[in-house]
Every structure is written in structure tokens, then in C-alpha cells.
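Below: the structure, in C-alpha cells.
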Amino acid sequence: MTSADPASSPSATPLIHPFVALMKRYAIDYTNAHDQSIYPELFVDDYTVNIGGVALVRDESYGPAVRWLYDRAPGLGLLVHELVLNGDRLCMRFSEHASMPLPGGGRALSCWRGIGMYAWNGERLVSNWVEQDFLSRRRQLETGEPDALEPPHLDPWVTTVPVPPDAAAEATARAAVTDDRLHEATAAHIDDRVGDAGPLVVEPDDVTINDSFSAGRRVAVHATVRGSYRGGVLGVADQAIGRKASLQVVALVDVDADGSLREVRAVTDREGVRAQLRAAD
């Protein structure tokens, strides 16, 4: 074998981590191509998507929900902003964007943020704890004014490498969610409140951490927050302030070496809170 042999050159070394390669197929060949026929290649049979407090199983409920969305938004696309990987777990921060139908006819543009926390078995995806900012999408469709789409990550596939977990950073991030301190980060971006986020719309009485993992000092956390509604949700009257509600939260937290929160990117299910409180009227 000579040095000119392609198999001996640096370019022959796989550049993309296998988990990232799987997510590349997930984003491009499935989501953006709207090709649900490759589910068996991407997902185990009982792949479960946990979103908005509901568990959707691959063929029973997840697939039909995605088909409904594709039918309503045939141009829907997914844009990757960031991947965080520790080898066993991966977090994807993304946006989806689409022209969506309006109740009275016509269509309107919108884009909305999401964060997903994926687990795999070394070959296929097993589960995902994810939230998307559907209330922001509702606002854009009602006003006819779409938000600006955040720029994409430049080649997230080759540039994402696994970083070992950091237990101390993970404990700090979990505590920040439990204590409702995400907005205290030096840079806090929660839902469509970019850079000037306040406390969660539900004041916590009880918090359940559903999932968490770290890649170095970057931590992904998903939690259910139960407590009293603080206000600020589109379409919910002020009379609902103080009523009990539950809020799903997913956050990507950067923890400094001194334990302070440097940056937080979080998405919460305010749309779910809206549904709970309006149903109680």
C-alpha cells in the first residue's frame, strides 16, 4: 500500500461520529425530505417522543402526528443550530419553519424554536425528550408577522465531537431548572424572549427532572414544572393568574467553571399551559 492509496490517507478516516451521522439522516433524509418510509432505519420499533407532556410511540401516534403536520405544511423544513454530544447522548437545538394554513383561509409564514434530547442504542434512536415553541408559532400566524430565522450552524455534522460528561455541571444545571433560575444566566434565551428572558410562566411548587445529561460543561435538561400561573401567555386572561398549571421545559445550559450560568437556551410548552387554562374557563 502506498501513501497515494486513498485508504491510507487522512481523508479515509471517518469524519462524522456515528451518532451524528444518524442525526444527519434524521434531519436531511427524513425531516426535510418528508420521507417517513425510513423510520425502521432511524428508530427502534418502540421509539418514543416525549413532547408537551405526551408520549408518542413511533407507529401508533408519532408517525400519524408527523404526517398530519406534513400535510398541512408541505414545505416544512428543519434547520440545525447546534449539536451537543457526549457519545451516548445527543442534544439538537433547531428551528422549524413553514408556510401554515390559517383558519379563515390562506397561509402565513412562521418559524419556531425547538430543543431535543436524543438517546440511541448504537444504531438507531430509542427516545427523544423535546419541546417546540408552538405558542410562538401561533403568535406569528395570528399576526401575519414571522420571526427572523436564526442562522444555521455551519456544518454541524463534521464539527460535532463527543465530550465526556461533567457531573458537577449537570448538578448545577438541574438545580437551576428546579429553582427557576434559568433566566439568571448571563445570556438567557427562553422561547421567543431572546436575551431578556424572565422567570418561567409557571411559578414552581414541584419540579420533576425527566431527563438530563452533560457533555463537558454543557448540560441538557428536560423537566416538568407544576405550580401557579404567573401570566404572560397569549390568549389567556389575567383572571387565570394564580391557577395551577404544569409546564414542560427543556434547556441547554452552559455552566462556567465557578458554577455560574453563562448561557441558557430553553424552550417551554407555553402552548400547553394555554390549553390547560383555557379549558378551565
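Going by the C-alpha cells order, chains are called A, B, ..., each with residues numbered from 1, while ligands are numbered from 1 in the order shown.
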Going by DSSP on the backbone, which bits of segment 24-195 of chain A are strand (DSSP E or B)? Write them as a PyMOL selection string, please. chain A and resi 43-51+54-57+77-85+89-101+107-120+125-132+165+187-190+193-194
Sorted by chain and rising residue number, list the residues of segment 66-184 of chain A at most 12 Å from segment 40-57 of chain A (counting only C-alpha atoms), each with its closest atom pair and distance in Å to one decimal, as a tab-separated table.
```
residue	atom	partner	partner_atom	distance
A:Val66	CA	A:Leu56	CA	10.5
A:Gly114	CA	A:Ile51	CA	10.6
A:Ile115	CA	A:Ile51	CA	10.5
A:Gly116	CA	A:Ile51	CA	9.4
A:Met117	CA	A:Asn50	CA	9.8
A:Tyr118	CA	A:Val49	CA	9.2
A:Ala119	CA	A:Tyr47	CA	9.7
A:Trp120	CA	A:Phe43	CA	8.6
A:Asn121	CA	A:Val44	CA	8.7
A:Gly122	CA	A:Val44	CA	11.0
A:Glu123	CA	A:Leu42	CA	8.0
A:Arg124	CA	A:Phe43	CA	5.1
A:Leu125	CA	A:Phe43	CA	4.7
A:Val126	CA	A:Tyr47	CA	4.9
A:Ser127	CA	A:Thr48	CA	4.8
A:Asn128	CA	A:Val49	CA	4.8
A:Trp129	CA	A:Asn50	CA	4.8
A:Val130	CA	A:Ile51	CA	5.4
A:Glu131	CA	A:Ile51	CA	5.5
A:Gln132	CA	A:Ile51	CA	8.1
A:Asp133	CA	A:Gly52	CA	10.2
A:Phe134	CA	A:Gly52	CA	10.0
A:Leu135	CA	A:Gly52	CA	11.8
```
So that I can see what lies close to Asp258 of chain A, please list as JSON, numbers by chain the residues with an atom at most 12 Å from it, counting only C-alpha atoms and leaving out residues fewer than 4 positions away in the same chain. {"A": [168, 169, 172, 217, 254, 262]}
Pull C-alpha atoms from the residues just selected and write them as a PDB file, in the first residue's frame.
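Contents of part-v2.pdb, freshly written:
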```pdb
ATOM      1  CA  ALA A 168     -20.844  18.839  38.715  1.00  0.00           C
ATOM      2  CA  ALA A 169     -22.047  20.881  35.745  1.00  0.00           C
ATOM      3  CA  THR A 172     -25.746  22.826  38.679  1.00  0.00           C
ATOM      4  CA  ARG A 217     -19.866  21.839  30.993  1.00  0.00           C
ATOM      5  CA  ASP A 254     -23.621  26.368  29.686  1.00  0.00           C
ATOM      6  CA  ARG A 262     -23.046  31.575  31.311  1.00  0.00           C
TER       7      ARG A 262
END
```
May I have a table of the residues of segment 25-53 of chain A lying at most 10 Å from segment 89-113 of chain A, giving each one's closest pair of atoms and their distance in Å to one decimal, counting only C-alpha atoms, ordered by chain and ascending residue number, as a tab-separated table?
```
residue	atom	partner	partner_atom	distance
A:Ala27	CA	A:Phe94	CA	9.9
A:Thr31	CA	A:Glu96	CA	9.8
A:Asn32	CA	A:Glu96	CA	9.7
```
Within 12 Å of segment 192-212 of chain A, which residues of segment 137-175 of chain A come that close, and what is the closest atom pair and distance in Å for each? Count only C-alpha atoms and give it as a Markdown table.
```
| residue | atom | partner | partner_atom | distance |
| --- | --- | --- | --- | --- |
| A:Arg137 | CA | A:Asp192 | CA | 9.9 |
| A:Arg138 | CA | A:Asp192 | CA | 11.9 |
| A:Arg139 | CA | A:Asp192 | CA | 10.4 |
| A:Gln140 | CA | A:Asp192 | CA | 11.0 |
| A:Pro146 | CA | A:Asp192 | CA | 11.8 |
| A:Asp147 | CA | A:Asp192 | CA | 8.9 |
| A:Ala148 | CA | A:Asp192 | CA | 10.7 |
| A:Leu149 | CA | A:Asp192 | CA | 11.4 |
| A:Glu150 | CA | A:Val194 | CA | 11.1 |
| A:Pro165 | CA | A:Ser212 | CA | 10.9 |
| A:Asp166 | CA | A:Ser212 | CA | 11.6 |
| A:Ala167 | CA | A:Ser212 | CA | 10.6 |
| A:Ala169 | CA | A:Ser212 | CA | 11.0 |
| A:Glu170 | CA | A:Ser212 | CA | 7.4 |
| A:Ala171 | CA | A:Ser212 | CA | 9.4 |
| A:Thr172 | CA | A:Ser212 | CA | 11.4 |
| A:Ala173 | CA | A:Ser212 | CA | 9.0 |
| A:Arg174 | CA | A:Ile209 | CA | 7.4 |
| A:Ala175 | CA | A:Ile209 | CA | 9.7 |
```
Quick one: of A:His183, A:Lys244, A:Asp281, A:Leu141, who's nearest to Ala266 of chain A, counting only C-alpha atoms?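 Looking at the shortest contact to Ala266 of chain A, the residue is A:His183.
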Got a sec to tell me which of segment 85-265 of chain A DSSP assigns to helix (DSSP H, G or I), as a PyMOL selection string? chain A and resi 134-143+156-159+167-178+182-184+238-240
Kindly save the residues from that selection, with N, CA and C atoms included, as a compact mmCIF listing (two decimals), in the first residue's frame.
```txt
# COMPACT_ATOMS: atom_id res chain seq x y z
N PHE A 134 -44.49 26.20 20.24
CA PHE A 134 -45.70 26.30 19.44
C PHE A 134 -46.50 27.57 19.72
N LEU A 135 -46.35 28.15 20.90
CA LEU A 135 -47.06 29.41 21.17
C LEU A 135 -46.49 30.53 20.30
N SER A 136 -45.18 30.52 20.09
CA SER A 136 -44.58 31.50 19.19
C SER A 136 -45.11 31.32 17.77
N ARG A 137 -45.25 30.06 17.36
CA ARG A 137 -45.82 29.81 16.03
C ARG A 137 -47.23 30.36 15.94
N ARG A 138 -48.04 30.15 16.99
CA ARG A 138 -49.41 30.67 17.00
C ARG A 138 -49.40 32.20 16.86
N ARG A 139 -48.52 32.87 17.61
CA ARG A 139 -48.45 34.33 17.53
C ARG A 139 -48.14 34.81 16.12
N GLN A 140 -47.19 34.17 15.48
CA GLN A 140 -46.79 34.58 14.13
C GLN A 140 -47.92 34.38 13.13
N LEU A 141 -48.63 33.27 13.27
CA LEU A 141 -49.73 33.00 12.34
C LEU A 141 -50.88 33.98 12.57
N GLU A 142 -51.13 34.34 13.82
CA GLU A 142 -52.24 35.26 14.11
C GLU A 142 -51.93 36.68 13.68
N THR A 143 -50.67 37.09 13.80
CA THR A 143 -50.31 38.46 13.43
C THR A 143 -49.90 38.59 11.97
N PRO A 156 -22.69 21.30 11.12
CA PRO A 156 -22.72 20.71 12.46
C PRO A 156 -22.30 19.25 12.46
N TRP A 157 -22.28 18.62 11.30
CA TRP A 157 -22.03 17.19 11.22
C TRP A 157 -20.55 16.86 11.46
N VAL A 158 -19.67 17.52 10.76
CA VAL A 158 -18.24 17.23 10.90
C VAL A 158 -17.66 17.86 12.16
N THR A 159 -18.21 18.98 12.58
CA THR A 159 -17.61 19.73 13.69
C THR A 159 -18.04 19.26 15.07
N ALA A 167 -20.24 15.72 35.90
CA ALA A 167 -21.32 15.53 36.87
C ALA A 167 -21.64 16.81 37.63
N ALA A 168 -20.61 17.60 37.96
CA ALA A 168 -20.84 18.84 38.72
C ALA A 168 -21.64 19.84 37.89
N ALA A 169 -21.31 19.97 36.61
CA ALA A 169 -22.05 20.88 35.75
C ALA A 169 -23.50 20.43 35.60
N GLU A 170 -23.69 19.12 35.49
CA GLU A 170 -25.05 18.61 35.36
C GLU A 170 -25.88 18.91 36.62
N ALA A 171 -25.28 18.74 37.78
CA ALA A 171 -25.99 19.03 39.03
C ALA A 171 -26.37 20.51 39.11
N THR A 172 -25.47 21.39 38.66
CA THR A 172 -25.75 22.83 38.68
C THR A 172 -26.91 23.17 37.76
N ALA A 173 -26.92 22.59 36.57
CA ALA A 173 -27.98 22.89 35.61
C ALA A 173 -29.32 22.36 36.10
N ARG A 174 -29.33 21.16 36.67
CA ARG A 174 -30.58 20.60 37.20
C ARG A 174 -31.13 21.49 38.30
N ALA A 175 -30.25 21.99 39.16
CA ALA A 175 -30.68 22.87 40.25
C ALA A 175 -31.23 24.18 39.70
N ALA A 176 -30.64 24.69 38.63
CA ALA A 176 -31.11 25.94 38.04
C ALA A 176 -32.53 25.80 37.51
N VAL A 177 -32.84 24.63 36.95
CA VAL A 177 -34.21 24.39 36.48
C VAL A 177 -35.15 24.26 37.67
N THR A 178 -34.76 23.47 38.65
CA THR A 178 -35.61 23.22 39.82
C THR A 178 -35.90 24.51 40.58
N LEU A 182 -33.12 29.78 35.45
CA LEU A 182 -32.57 29.79 34.10
C LEU A 182 -32.40 31.21 33.56
N HIS A 183 -33.34 32.08 33.92
CA HIS A 183 -33.29 33.46 33.42
C HIS A 183 -32.17 34.28 34.03
N GLU A 184 -31.49 33.74 35.05
CA GLU A 184 -30.41 34.47 35.69
C GLU A 184 -29.07 34.29 34.98
N ASP A 238 -55.99 37.53 32.29
CA ASP A 238 -55.28 37.78 33.55
C ASP A 238 -55.98 37.12 34.74
N GLN A 239 -57.28 36.86 34.60
CA GLN A 239 -58.00 36.21 35.69
C GLN A 239 -57.45 34.82 36.01
N ALA A 240 -56.70 34.26 35.07
CA ALA A 240 -56.14 32.92 35.28
C ALA A 240 -54.86 32.94 36.12
```
Measuring between only C-alpha atoms, which one of A:Tyr62, A:Tyr39, A:Tyr30, A:Tyr229 shows the shortest distance to Gly77 of chain A? A:Tyr30
Could you check which of A:Val264, A:Leu234, A:Arg181, A:Thr224 is closest to Val249 of chain A, using only C-alpha atoms? A:Thr224
Measuring atom to atom with only C-alpha atoms, identify which of A:Ser260, A:Ser246, A:Ser214, A:Thr268 is nearest to Asn86 of chain A. A:Ser214
